[in-house]
Structure formats: structure tokens, C-alpha cells
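Shown next: query_22.cif, containing mmCIF, C-alpha atoms and all ligand atoms.
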data_data
loop_
_atom_site.group_PDB
_atom_site.id
_atom_site.type_symbol
_atom_site.label_atom_id
_atom_site.label_comp_id
_atom_site.auth_asym_id
_atom_site.auth_seq_id
_atom_site.Cartn_x
_atom_site.Cartn_y
_atom_site.Cartn_z
ATOM 1 C CA MET A 1 -95.785 -147.787 -221.177
ATOM 2 C CA SER A 2 -97.061 -148.005 -217.616
ATOM 3 C CA ASP A 3 -95.579 -150.240 -214.937
ATOM 4 C CA PHE A 4 -98.684 -152.406 -215.174
ATOM 5 C CA ASP A 5 -98.195 -152.963 -218.885
ATOM 6 C CA GLU A 6 -94.576 -153.887 -218.300
ATOM 7 C CA LEU A 7 -95.630 -156.389 -215.660
ATOM 8 C CA TYR A 8 -98.159 -157.914 -218.051
ATOM 9 C CA GLN A 9 -95.537 -158.051 -220.772
ATOM 10 C CA GLU A 10 -93.240 -159.970 -218.455
ATOM 11 C CA ILE A 11 -95.965 -162.454 -217.533
ATOM 12 C CA ILE A 12 -96.706 -163.077 -221.222
ATOM 13 C CA LEU A 13 -93.037 -163.568 -222.077
ATOM 14 C CA ASP A 14 -92.591 -165.919 -219.130
ATOM 15 C CA HIS A 15 -95.467 -168.106 -220.352
ATOM 16 C CA TYR A 16 -94.132 -167.932 -223.906
ATOM 17 C CA ARG A 17 -90.662 -169.085 -222.891
ATOM 18 C CA ARG A 18 -91.865 -171.761 -220.469
ATOM 19 C CA PRO A 19 -95.362 -172.696 -221.624
ATOM 20 C CA ARG A 20 -97.318 -174.644 -218.993
ATOM 21 C CA GLY A 21 -98.963 -177.780 -220.335
ATOM 22 C CA ALA A 22 -96.793 -177.864 -223.460
ATOM 23 C CA ALA A 23 -96.510 -181.341 -224.977
ATOM 24 C CA ARG A 24 -95.970 -183.230 -228.206
ATOM 25 C CA LEU A 25 -99.465 -184.262 -229.229
ATOM 26 C CA ASP A 26 -98.771 -186.595 -232.142
ATOM 27 C CA GLU A 27 -101.992 -188.453 -231.311
ATOM 28 C CA VAL A 28 -104.113 -185.423 -232.138
ATOM 29 C CA PRO A 29 -105.099 -185.702 -235.820
ATOM 30 C CA GLU A 30 -104.123 -183.004 -238.323
ATOM 31 C CA GLY A 31 -107.797 -182.196 -238.793
ATOM 32 C CA GLU A 32 -107.966 -180.972 -235.218
ATOM 33 C CA ILE A 33 -105.207 -178.400 -235.519
ATOM 34 C CA HIS A 34 -106.504 -174.912 -234.827
ATOM 35 C CA GLU A 35 -104.964 -172.146 -236.844
ATOM 36 C CA ASN A 36 -104.893 -168.399 -236.933
ATOM 37 C CA PRO A 37 -103.727 -167.783 -240.497
ATOM 38 C CA THR A 38 -103.513 -164.012 -240.113
ATOM 39 C CA CYS A 39 -100.601 -164.468 -237.699
ATOM 40 C CA GLY A 40 -99.397 -167.995 -238.464
ATOM 41 C CA ASP A 41 -100.283 -169.435 -235.065
ATOM 42 C CA SER A 42 -101.219 -173.095 -234.842
ATOM 43 C CA LEU A 43 -102.219 -175.173 -231.881
ATOM 44 C CA LYS A 44 -103.258 -178.676 -230.887
ATOM 45 C CA LEU A 45 -105.027 -179.166 -227.612
ATOM 46 C CA LYS A 46 -106.028 -182.155 -225.533
ATOM 47 C CA VAL A 47 -108.166 -182.290 -222.412
ATOM 48 C CA GLU A 48 -107.595 -184.992 -219.816
ATOM 49 C CA TYR A 49 -110.271 -185.756 -217.248
ATOM 50 C CA GLY A 50 -109.986 -187.044 -213.711
ATOM 51 C CA PRO A 51 -112.126 -189.856 -212.316
ATOM 52 C CA ASP A 52 -114.528 -187.226 -210.956
ATOM 53 C CA GLY A 53 -115.190 -185.906 -214.474
ATOM 54 C CA ARG A 54 -113.354 -182.667 -213.793
ATOM 55 C CA ILE A 55 -110.592 -181.424 -216.067
ATOM 56 C CA ALA A 56 -107.392 -182.914 -214.679
ATOM 57 C CA ARG A 57 -105.149 -181.076 -217.098
ATOM 58 C CA VAL A 58 -104.982 -179.543 -220.530
ATOM 59 C CA LEU A 59 -102.047 -180.228 -222.816
ATOM 60 C CA HIS A 60 -101.228 -178.170 -225.870
ATOM 61 C CA GLU A 61 -98.740 -178.091 -228.692
ATOM 62 C CA SER A 62 -98.471 -174.453 -229.692
ATOM 63 C CA ARG A 63 -96.526 -172.783 -232.446
ATOM 64 C CA GLY A 64 -96.872 -169.109 -232.974
ATOM 65 C CA CYS A 65 -96.487 -165.692 -231.485
ATOM 66 C CA ALA A 66 -95.935 -164.916 -227.817
ATOM 67 C CA ILE A 67 -99.584 -163.974 -227.261
ATOM 68 C CA SER A 68 -100.981 -167.215 -228.690
ATOM 69 C CA VAL A 69 -98.549 -169.457 -226.807
ATOM 70 C CA ALA A 70 -98.919 -167.495 -223.551
ATOM 71 C CA SER A 71 -102.697 -167.599 -223.788
ATOM 72 C CA ALA A 72 -102.647 -171.402 -224.215
ATOM 73 C CA SER A 73 -100.241 -171.688 -221.288
ATOM 74 C CA MET A 74 -102.476 -169.551 -219.056
ATOM 75 C CA LEU A 75 -105.520 -171.515 -220.146
ATOM 76 C CA THR A 76 -104.074 -174.730 -218.728
ATOM 77 C CA GLY A 77 -103.893 -173.172 -215.266
ATOM 78 C CA ALA A 78 -107.243 -171.423 -215.520
ATOM 79 C CA VAL A 79 -109.354 -174.487 -216.347
ATOM 80 C CA ALA A 80 -107.644 -177.254 -214.319
ATOM 81 C CA GLY A 81 -110.131 -178.586 -211.776
ATOM 82 C CA LEU A 82 -113.217 -177.234 -213.536
ATOM 83 C CA VAL A 83 -116.071 -179.367 -214.802
ATOM 84 C CA PRO A 84 -116.466 -179.113 -218.599
ATOM 85 C CA ALA A 85 -119.522 -176.836 -218.372
ATOM 86 C CA GLU A 86 -117.594 -174.374 -216.187
ATOM 87 C CA ALA A 87 -114.629 -174.429 -218.561
ATOM 88 C CA LEU A 88 -116.915 -173.807 -221.545
ATOM 89 C CA SER A 89 -118.524 -170.866 -219.856
ATOM 90 C CA LEU A 90 -115.129 -169.443 -218.829
ATOM 91 C CA ALA A 91 -113.896 -169.805 -222.427
ATOM 92 C CA GLY A 92 -116.913 -167.876 -223.697
ATOM 93 C CA GLU A 93 -116.371 -165.127 -221.137
ATOM 94 C CA VAL A 94 -112.640 -164.864 -221.860
ATOM 95 C CA GLU A 95 -113.226 -164.645 -225.611
ATOM 96 C CA ALA A 96 -115.833 -161.927 -225.145
ATOM 97 C CA ALA A 97 -113.533 -160.011 -222.806
ATOM 98 C CA LEU A 98 -110.647 -160.310 -225.282
ATOM 99 C CA ARG A 99 -112.903 -158.724 -227.902
ATOM 100 C CA GLY A 100 -113.653 -155.953 -225.416
ATOM 101 C CA GLU A 101 -117.290 -157.010 -225.019
ATOM 102 C CA GLY A 102 -119.346 -157.048 -221.837
ATOM 103 C CA ASP A 103 -119.764 -154.595 -218.981
ATOM 104 C CA ASP A 104 -116.176 -154.627 -217.795
ATOM 105 C CA PRO A 105 -113.961 -156.802 -219.994
ATOM 106 C CA ARG A 106 -110.748 -155.486 -218.511
ATOM 107 C CA GLY A 107 -111.987 -155.979 -214.975
ATOM 108 C CA PHE A 108 -113.060 -159.526 -215.799
ATOM 109 C CA LEU A 109 -109.606 -160.501 -217.062
ATOM 110 C CA GLU A 110 -107.862 -158.672 -214.239
ATOM 111 C CA GLY A 111 -109.984 -160.623 -211.749
ATOM 112 C CA ASN A 112 -108.844 -163.944 -213.207
ATOM 113 C CA GLY A 113 -105.252 -164.316 -212.062
ATOM 114 C CA GLU A 114 -102.635 -164.233 -214.771
ATOM 115 C CA LEU A 115 -105.291 -163.805 -217.470
ATOM 116 C CA ALA A 116 -104.966 -160.178 -216.397
ATOM 117 C CA ALA A 117 -101.907 -160.046 -218.624
ATOM 118 C CA LEU A 118 -104.201 -160.431 -221.644
ATOM 119 C CA ALA A 119 -106.313 -157.444 -220.649
ATOM 120 C CA GLY A 120 -104.474 -155.121 -223.021
ATOM 121 C CA VAL A 121 -105.114 -157.352 -226.026
ATOM 122 C CA ALA A 122 -108.574 -155.935 -226.776
ATOM 123 C CA ALA A 123 -106.912 -152.721 -227.909
ATOM 124 C CA PHE A 124 -105.152 -154.621 -230.718
ATOM 125 C CA PRO A 125 -107.736 -156.319 -232.969
ATOM 126 C CA ALA A 126 -105.082 -158.360 -234.810
ATOM 127 C CA ARG A 127 -103.960 -159.815 -231.475
ATOM 128 C CA VAL A 128 -107.441 -160.813 -230.334
ATOM 129 C CA LYS A 129 -107.373 -163.833 -232.654
ATOM 130 C CA CYS A 130 -103.970 -164.849 -231.295
ATOM 131 C CA ALA A 131 -105.194 -164.731 -227.705
ATOM 132 C CA SER A 132 -108.513 -166.433 -228.539
ATOM 133 C CA LEU A 133 -107.038 -169.379 -230.448
ATOM 134 C CA ALA A 134 -106.468 -171.675 -227.453
ATOM 135 C CA TRP A 135 -109.880 -170.857 -225.987
ATOM 136 C CA ARG A 136 -111.620 -171.710 -229.237
ATOM 137 C CA ALA A 137 -109.637 -174.956 -229.375
ATOM 138 C CA LEU A 138 -110.738 -175.720 -225.815
ATOM 139 C CA GLU A 139 -114.378 -175.123 -226.737
ATOM 140 C CA SER A 140 -114.196 -177.540 -229.624
ATOM 141 C CA ALA A 141 -112.355 -180.118 -227.473
ATOM 142 C CA LEU A 142 -115.094 -179.879 -224.830
ATOM 143 C CA ALA A 143 -118.027 -179.901 -227.216
ATOM 144 C CA PRO A 144 -119.330 -183.450 -227.579
ATOM 145 C CA PRO A 145 -119.069 -184.778 -231.128
ATOM 146 C CA PRO A 146 -122.403 -184.891 -232.957
ATOM 147 C CA GLY A 147 -124.481 -187.923 -232.148
ATOM 148 C CA THR A 148 -122.937 -188.621 -228.763
ATOM 149 C CA ASP A 149 -124.528 -188.086 -225.402
ATOM 150 C CA ARG A 150 -122.236 -186.940 -222.619
ATOM 151 C CA GLY A 151 -125.144 -186.373 -220.280
ATOM 152 C CA SER A 152 -124.553 -189.526 -218.269
HETATM 153 ZN ZN ZN B 201 -100.380 -164.644 -233.156
#

Could you show the structure in this file as C-alpha cells?
Ligand code: ZN
Amino acid sequence: MSDFDELYQEIILDHYRRPRGAARLDEVPEGEIHENPTCGDSLKLKVEYGPDGRIARVLHESRGCAISVASASMLTGAVAGLVPAEALSLAGEVEAALRGEGDDPRGFLEGNGELAALAGVAAFPARVKCASLAWRALESALAPPPGTDRGS
């Protein structure tokens, strides 16, 4: 294991032990729980907006492995202050990079602050779902429900 990998491991464990944005989200209905059955991870996620329409903060209630909880914790820092369209596009890019897709998936994650710690995940297909769970939950939280118009 290289020094870099050890550093990343420490960052992941730190987020796992002290997840940023962790909260009890009893108001989120059961139907909106996101699950990764292959690992047993489950997660609720809630986006709060500021008066300017930007994401003020993301709260999550995560149960699962270190990778899934750490990824949710890192997500809260990565998307705070973004407008929803920016957060959606970041989520798509992160998920692709986690799957090892794109020109330079590792470089992309390593250029995005602590998300760098997830750069090694692509090498472990079973872990990709763990790391992607929070980002998929974010996408569904940001997607307007059918029949509504968030254009205004
Ligand atoms: Zn997991």
C-alpha cells in the first residue's frame, strides 16, 4: 500500500467516523430510502436551498459501510453552494469517474478535494455501488418530480 493510499484510507475513515451533514431524517418517507442491497448500505438524503436558489446544505442519514457513509459525507461538502444544475452535473461526473469512465477518472476525482480519497474505488467494482449511492440519491432529490416545473 502506498503512502497515498494510506492517506486516502485515513480520509475515508475520518468521514465515516464523523460524517458531515449526518442527521435524523424522520421526515423523509420510507419510499425515498436509497439502498445498495449488495452491501447493505441505506441512505436518506435531503437538500436544503438558500434564498438564492443555491444548495445551502445537504443532510443525510446513512447506514452502511465506510465507503458509502464517507462518500455521502464528502458529497455534502462538494455540493454546498452549487446551483442544482451544477450539482447534477457534478454527480454525473463523479459517478462516471467512480466507474472508471472518461478520459481521466482518477485525475478528475483527485482534482476535487477530498473526493480524491474515492479515486481508488474504481478498481473494486463491488465498492463502486457503495460510493455511488449518495450521488444517485442526490440526483433523485434534485430531479423535479414529474409534472412540476422548476424553471421559474
Ligand atoms: Zn457498501

With distances taken over only C-alpha atoms, which residue among A:Ala116, A:Val69, A:Leu59, A:Ala143 lies nearest Lys129 of chain A? A:Val69

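If you apply the PyMOL selection byres (((chain A and resi 141) around 12) and not hetatm) to this structure, you end up with Val28, Glu32, Ile33, His34, Lys44, Leu45, Lys46, Val47, Glu48, Tyr49, Ile55, Val58, Leu59, His60, Pro84, Ala87, Leu88, Ala91, Ala134, Trp135, Arg136, Ala137, Leu138, Glu139, Ser140, Leu142, Ala143, Pro144 and Pro145 of chain A.
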
Report as a count of residues only the full result of the PyMOL selection byres (((not hetatm)) within 12 of (chain B and resi 201)) when it is applied to this structure. 33

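You can rank A:Arg18, A:Gly50, A:Ala123, A:Gly77 by their closest distance to Pro105 of chain A using all atoms listed in the file, and at the top of that list sits A:Ala123.
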
What does the structure give for the distance between atom CA of Arg57 of chain A and atom CA of Ala80 of chain A, in Å to one decimal?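 Between atom CA of Arg57 of chain A and atom CA of Ala80 of chain A the gap is 5.3 Å.
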
Using all atoms listed in the file - which residues lie no farther than 8 Å from the point (-103.0, -155.5, -220.9) in the file's frame? Write them as a PyMOL selection string. chain A and resi 4-5+8-9+116-121
